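J.: Below are the structure tokens for one structure; questions will follow.
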Amino acid sequence: MAPRGSYDDEYGYDEDDFNSNHFDDEFSFDDDDDDDVLGGGRGGFGADDDEEVNLPYEGELFNEMLSKLHGTLIMYGEDDPALMDLQAELLQVDNDKLGTATDDMFYLEEASQIAKVLKKHISASPKIKEIHDNFMKDITRFSDESAEGHKGDYYLEDEE
């Protein structure tokens, strides 16, 4: 029997444990045949892992539409009182529905409610009409995934 060192006494490992590869095999992330480890065998934790959310198509579309709408209102609304009013109403509608049965709405229903708010404000500004029209292009994608929808990051086009 080999003499035991202080590390062996404290943790219960002996010299053979450190010379063996069984620790490497047991805790290795290099298993190619286990594809469900770390998101399909990609290995590591990176920015791509944060983006994968497993939403249905409608959820992804709705989140994209919200992102475009809020981005548009933030980007263009600073100097436009009509857009600021629209943004305030949309935020109020969002706050009013928290904790109510509307939390269980389908994405299309929620998008339709937003479209109704946009429609109420169409007469206030030509920009809001353009936002509404472009938002409606994306709503058609709920029923027809091959529909073109609105291209771009915002629902307003640059006026340059």
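Naming scheme: A, B, ... for chains in displayed order of the structure tokens; residues 1 onward per chain; ligands 1 onward as shown.
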Skipping near chain neighbours, those fewer than 4 positions away, what residues fall within 10 Å of Lys119 (chain A) using only C-alpha atoms, listed as a CSV table (one decimal) with N, CA, C and O atoms, in the first residue's frame?
T.:
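For reference, around.csv as written:
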chain,number,residue,atom,x,y,z
A,113,GLN,N,-55.9,43.7,-31.0
A,113,GLN,CA,-56.2,44.8,-30.1
A,113,GLN,C,-55.2,46.0,-30.3
A,113,GLN,O,-55.7,47.1,-30.3
A,114,ILE,N,-54.0,45.7,-30.6
A,114,ILE,CA,-53.0,46.7,-30.8
A,114,ILE,C,-53.4,47.5,-32.1
A,114,ILE,O,-53.3,48.7,-32.2
A,115,ALA,N,-53.8,46.7,-33.1
A,115,ALA,CA,-54.2,47.3,-34.4
A,115,ALA,C,-55.4,48.2,-34.2
A,115,ALA,O,-55.5,49.3,-34.8
A,123,SER,N,-56.1,59.3,-37.7
A,123,SER,CA,-56.4,60.6,-38.1
A,123,SER,C,-55.5,61.7,-37.4
A,123,SER,O,-55.4,62.8,-37.9
A,124,ALA,N,-54.8,61.3,-36.4
A,124,ALA,CA,-53.9,62.2,-35.7
A,124,ALA,C,-52.6,62.5,-36.4
A,124,ALA,O,-52.0,63.6,-36.3
A,128,ILE,N,-48.8,57.7,-38.1
A,128,ILE,CA,-49.5,56.6,-37.5
A,128,ILE,C,-50.3,55.8,-38.5
A,128,ILE,O,-50.4,54.6,-38.4
A,129,LYS,N,-50.8,56.4,-39.6
A,129,LYS,CA,-51.4,55.7,-40.7
A,129,LYS,C,-50.4,54.7,-41.3
A,129,LYS,O,-50.7,53.5,-41.5
A,131,ILE,N,-47.7,53.5,-39.8
A,131,ILE,CA,-47.4,52.5,-38.9
A,131,ILE,C,-48.5,51.4,-38.9
A,131,ILE,O,-48.3,50.2,-38.9
A,132,HIS,N,-49.8,51.9,-38.9
A,132,HIS,CA,-50.9,51.0,-38.9
A,132,HIS,C,-50.9,50.1,-40.1
A,132,HIS,O,-51.1,48.9,-40.1
A,133,ASP,N,-50.7,50.7,-41.3
A,133,ASP,CA,-50.7,49.9,-42.6
A,133,ASP,C,-49.5,48.9,-42.6
A,133,ASP,O,-49.8,47.7,-43.0
J.: Could you pull the residues within 12 Å of region 145-151 of chain A, counting only C-alpha atoms, minus those fewer than 2 positions along the same chain, as JSON, numbers by chain?
T.: {"A": [57, 58, 60, 61, 64, 65, 68, 69, 130, 131, 132, 133, 134, 135, 136, 137, 138, 139, 140, 141, 142, 143, 153, 154, 155, 156, 157]}
J.: Any idea what's packed within 12 Å of Gln87 (chain A), counting only C-alpha atoms, ignoring anything in its chain fewer than 6 positions away? Could you give it as a VMD selection string?
T.: chain A and resid 66 69 to 78 80 to 81 93 to 94 114 117 to 118 121 128
J.: Please report the interatomic distance between CA of Ile122 (chain A) and CA of Ala88 (chain A) in Å with one decimal.
T.: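 Taking CA of Ile122 (chain A) and CA of Ala88 (chain A), their separation equals 15.1 Å.
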J.: Expressed in Å to a single decimal, how great is the separation between CA of Phe62 (chain A) and CA of Ala111 (chain A)?
T.: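 Those two atoms sit 7.1 Å apart.
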